[in-house]
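Below you'll find the structure, written out as structure tokens, and then a few comments.
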Amino acid sequence: MADTQTKAEPEDGKQPKSVRVVLLALMITMMLAMLDNMIVGTAMPTIVGELGGLEHLSWVVTAYTLATAASTPLWGKIGDMYGRKGVFMSSIVLFLVGSALSGMAQDMGQLIGFRAVQGLGAGGLMVGVMAIIGDLIPPRERGKYQGMMAGVMALAMIGGPLVGGTITDHWGWRWAFYINLPLGVVALAAISAVLHLPKKRAKARIDYLGAGLLTVGITAIVLVTTWGGTEYAWSSARIMELIGIGVAALIGFVFWQTKAAEPVVPLHIFRSRNFTLMSLIGFVTGFVMFGATLFLPLYQQSVQGASATNSGLLLLPMLGAMLVTSMVAGRVTTNTGRYKVFPVVGSVLMVVGLYLLSLMDTDTSRFTSGVYMAVVGLGMGCLMQITMLVAQNSVEMKDMGVASSSTTLFRTLGSSFGVAIMGALFNSRVQDVMAERGGAIGAKMTESSAQLDAASLAKLPDAAREAYQHAVSAGTHSAFLLGAVVAVLALVAAVFVKEVPLKGAGPKDETEEAAAPMQVVEAV
């Protein structure tokens with residue numbers, strides 16, 4: 001597959017049409033992976049109203065998240081072993097099958113099961129996109145496509161709730177799943193027609209024991225972060241059991257990877273300092289980003305009186321800044337081949353932005369909070385795609401899949417920990433402040449949940465509403481202050497990144513590329 005790592009664009013600077021078609025298909029697939037949960041989240045109240053099963057509501061999201069996280073590293077490894085194209089198309093088909101079945105579900109149990117099927121496919125979507133781009137585009141040129149990927153991410157986060165609400169209101173909640181089918185078919189057709197990567201057939205068997213241990217470990221971690229502080233107390237026996245199972249499974253997994261003939265996650269990739277540091281930065285970025293996207297709309301709705309209908313638009317300052325910075329970082333990286341400045345500057349901006357967000361109170365204007373969000377967005381824009389670029393540049397081509405899947409997994413786990421830990425701190429602080437300001441009535445209001453919806457908030461007496469607004473301000477202060485402290489880890493990691501020349505960047509690489517300028521065109 002090394003022959004695909006050649007010049008991805010001719011001398012006139014324009015991509016061959018077939019390459020552009022493949023990239024468009026990859027962007028559509030990436031949008032499928034990111035858009036689904038946000039569309040479905042908006043439709044959940046309607047789904048519960050028709051199917052019932054309110055007590056199992058959380059499992060609709062949890063089943064999808066678990067399946068995605070557990071399958072992510074497996075898709076990457078199987079792609080390395082048996083060829084990228086077939087494995088990637090299989091993940092798309094599985095995702096579409098899960099989407100169709102979810103749309104046809106007749107009760108909550110069926111929906112949860114079909115969402116797990118959908119999640120298994122989703123685990124291969126993002127990994128496949130990143131790995132195929134890694135195969136086709138040299139790292140030096142890959143930077144300019146960061147803007148495309150960041151744009152898809154921003155579009156999904158802003159448009160998801162709006163699209164979900166529109167679809168649910170006009171077509172019914174089942175179309176929140178069916179909408180994936182035409183987009184997926186277009187992506188499949190384009191990839192099938194114009195992408196031609198070398199076929200591979202590994203002699204070694206899949207490491208089933210390693211895959212099983214990793215699946216158990218990831219499942220336990222995600223369940224701990226999902227259930228801790230909500231379904232079960234953090235100190236409960238169930239959470240302690242899951243922590244024990246997760247730790248034991250992951251220790252066993254690491255030990256077995258040193259013995260397996262074809263390990264699911266080859267531990268030698270972590271010998272690269274840059275790869276290990278990028279995994280840590282990706283974890284922290286996931287921790288911060290998903291925590292911010294959870295609490296910022298809550299703060300703006302509860303304290304600043306914003307409409308829940310436009311919750312996606314409330315994040316526009318952060319996501320817009322992230323998009324612009326990601327495009328600039330990609331262009332500069334492509335033109336200069338230098339990238340270390342972006343993780344360092346991005347980490348500093350993220351720490352500063354989160355600290356500023358922690359200063360928000362009941363008197364903070366929307367303009368001020370928007371400026372603070374933009375600072376965080378600028379930081380994340382410097383980090384989001386650079387982490388994947390540097391991680392892929394740190395491994396051999398044969399490990400491109402596991403490098404992509406491992407980086408994606410760390411970001412996923414970071415988001416799980418961010419939502420759980422920042423959420424636990426937020427809930428605890430809200431309940432404490434409500435008890436202080438509202439007395440017994442205030443404590444009773446938030447004993448089941450520290451997050452009140454707009455309808456519940458509107459029914460509160462003025463004094464209780466004011467107490468709740470102060471409580472939410474205190475909760476976001478604690479959550480974002482924690483985020484700033486965690487973001488310092490990314491800054492420390494970024495300082496130790498070694499600026500290794502990007503492959504395809506130097507004079508030697510250009511000579512090699514000139515000797516075979518049509519190889520990448522033949523691959524698509």
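Residue numbering restarts at 1 in every chain; chains get A, B, ... in the order shown in the structure tokens, and ligands count up from 1 in that same order.
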Report task. Quick one: pick out all alpha helix (DSSP H) residues within range 224-282 of chain A from a backbone DSSP run and write them as a ChimeraX atom specification. Result -> /A:224-227,237-257,273-282
Save out the residues we just selected, C-alpha atoms, as a JSON list (two decimals), in the first residue's frame.
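Dumped everything to part-v8.json:
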[["chain", "number", "residue", "atom", "x", "y", "z"],
["A", 224, "VAL", "CA", -18.67, 3.76, 34.28],
["A", 225, "THR", "CA", -18.58, 7.21, 32.72],
["A", 226, "THR", "CA", -22.20, 6.90, 31.52],
["A", 227, "TRP", "CA", -23.77, 5.50, 34.69],
["A", 237, "ALA", "CA", -20.94, -1.63, 44.20],
["A", 238, "ARG", "CA", -21.97, -1.70, 40.51],
["A", 239, "ILE", "CA", -19.58, 1.11, 39.55],
["A", 240, "MET", "CA", -16.76, -0.45, 41.59],
["A", 241, "GLU", "CA", -17.36, -3.80, 39.84],
["A", 242, "LEU", "CA", -17.21, -2.15, 36.42],
["A", 243, "ILE", "CA", -14.00, -0.32, 37.31],
["A", 244, "GLY", "CA", -12.44, -3.60, 38.48],
["A", 245, "ILE", "CA", -13.54, -5.46, 35.35],
["A", 246, "GLY", "CA", -12.31, -2.65, 33.09],
["A", 247, "VAL", "CA", -8.88, -2.37, 34.72],
["A", 248, "ALA", "CA", -8.37, -6.15, 34.75],
["A", 249, "ALA", "CA", -9.43, -6.47, 31.09],
["A", 250, "LEU", "CA", -7.14, -3.66, 29.93],
["A", 251, "ILE", "CA", -4.15, -4.99, 31.89],
["A", 252, "GLY", "CA", -4.77, -8.41, 30.35],
["A", 253, "PHE", "CA", -5.10, -6.80, 26.93],
["A", 254, "VAL", "CA", -1.77, -4.98, 27.20],
["A", 255, "PHE", "CA", -0.02, -8.19, 28.36],
["A", 256, "TRP", "CA", -1.54, -10.24, 25.53],
["A", 257, "GLN", "CA", -0.57, -7.69, 22.88],
["A", 273, "ARG", "CA", 6.95, 9.89, 21.36],
["A", 274, "ASN", "CA", 4.87, 11.98, 19.00],
["A", 275, "PHE", "CA", 2.19, 9.31, 18.63],
["A", 276, "THR", "CA", 1.84, 8.90, 22.39],
["A", 277, "LEU", "CA", 1.72, 12.66, 22.94],
["A", 278, "MET", "CA", -0.89, 13.09, 20.20],
["A", 279, "SER", "CA", -3.03, 10.38, 21.80],
["A", 280, "LEU", "CA", -2.91, 12.31, 25.09],
["A", 281, "ILE", "CA", -3.71, 15.63, 23.38],
["A", 282, "GLY", "CA", -6.59, 13.96, 21.51]]
Report task. Tell me, as a list in words, which residues lie within 10 Å of Gly346 in chain A, counting only C-alpha atoms; anything in the same chain fewer than 5 positions away does not count. Result -> Thr325, Val341, Val351, Val352, Val375, Val376, Gly377, Leu378, Gly379, Met380, Gly381, Cys382, Leu383, Met384, Ala490, Leu491 and Ala494 of chain A
Report task. Could you give me, as a list in words, the residues within 8 Å of range 353-358 of chain A, counting only C-alpha atoms and dropping anything in the same chain fewer than 4 positions from it? Result -> Leu349, Ser369, Tyr372, Met373, Ala374, Val375, Val376, Gly379, Thr476, His477, Ser478, Ala479, Phe480, Leu481, Gly483 and Ala484 of chain A
Save the residues we just selected, C-alpha atoms, as a PDB file, in the first residue's frame?
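What follows is the written file result-v8.pdb:
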ATOM      1  CA  LEU A 349      -5.742  29.232  23.837  1.00  0.00           C
ATOM      2  CA  SER A 369     -19.732  34.592  26.386  1.00  0.00           C
ATOM      3  CA  TYR A 372     -14.952  33.456  25.376  1.00  0.00           C
ATOM      4  CA  MET A 373     -16.306  30.601  23.250  1.00  0.00           C
ATOM      5  CA  ALA A 374     -14.386  31.899  20.233  1.00  0.00           C
ATOM      6  CA  VAL A 375     -11.122  31.713  22.196  1.00  0.00           C
ATOM      7  CA  VAL A 376     -11.811  28.049  23.015  1.00  0.00           C
ATOM      8  CA  GLY A 379      -7.583  26.583  20.465  1.00  0.00           C
ATOM      9  CA  THR A 476     -20.503  25.933  34.878  1.00  0.00           C
ATOM     10  CA  HIS A 477     -17.777  27.809  36.763  1.00  0.00           C
ATOM     11  CA  SER A 478     -16.636  24.580  38.429  1.00  0.00           C
ATOM     12  CA  ALA A 479     -16.956  22.489  35.251  1.00  0.00           C
ATOM     13  CA  PHE A 480     -14.978  24.880  33.036  1.00  0.00           C
ATOM     14  CA  LEU A 481     -12.354  25.492  35.704  1.00  0.00           C
ATOM     15  CA  GLY A 483     -11.610  21.747  32.011  1.00  0.00           C
ATOM     16  CA  ALA A 484      -8.907  24.436  32.126  1.00  0.00           C
TER      17      ALA A 484
END
Give me, as CSV, each residue of range 336-441 of chain A that comes within 7 Å of range 77-88 of chain A, together with its shortest interatomic pair and the distance in Å at one decimal, counting only C-alpha atoms, with rows ordered by chain and rising residue number.
residue,atom,partner,partner_atom,distance
A:Lys398,CA,A:Asp80,CA,6.2
A:Asp399,CA,A:Asp80,CA,6.5
A:Gly401,CA,A:Asp80,CA,5.5
A:Val402,CA,A:Lys77,CA,5.2
Dump N, CA and C atoms for the selected residues as a PDB file, in the first residue's frame?
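Heads up, here's the output in part_36.pdb:
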ATOM      1  N   LYS A 398       1.888   0.479   7.068  1.00  0.00           N
ATOM      2  CA  LYS A 398       1.169  -0.756   7.421  1.00  0.00           C
ATOM      3  C   LYS A 398       0.354  -0.603   8.698  1.00  0.00           C
ATOM      4  N   ASP A 399       0.673   0.405   9.502  1.00  0.00           N
ATOM      5  CA  ASP A 399      -0.054   0.644  10.754  1.00  0.00           C
ATOM      6  C   ASP A 399      -0.979   1.862  10.662  1.00  0.00           C
ATOM      7  N   GLY A 401      -4.077   2.180   9.742  1.00  0.00           N
ATOM      8  CA  GLY A 401      -5.411   1.927  10.279  1.00  0.00           C
ATOM      9  C   GLY A 401      -5.441   1.949  11.803  1.00  0.00           C
ATOM     10  N   VAL A 402      -4.515   1.224  12.442  1.00  0.00           N
ATOM     11  CA  VAL A 402      -4.524   1.183  13.905  1.00  0.00           C
ATOM     12  C   VAL A 402      -4.130   2.536  14.495  1.00  0.00           C
TER      13      VAL A 402
END
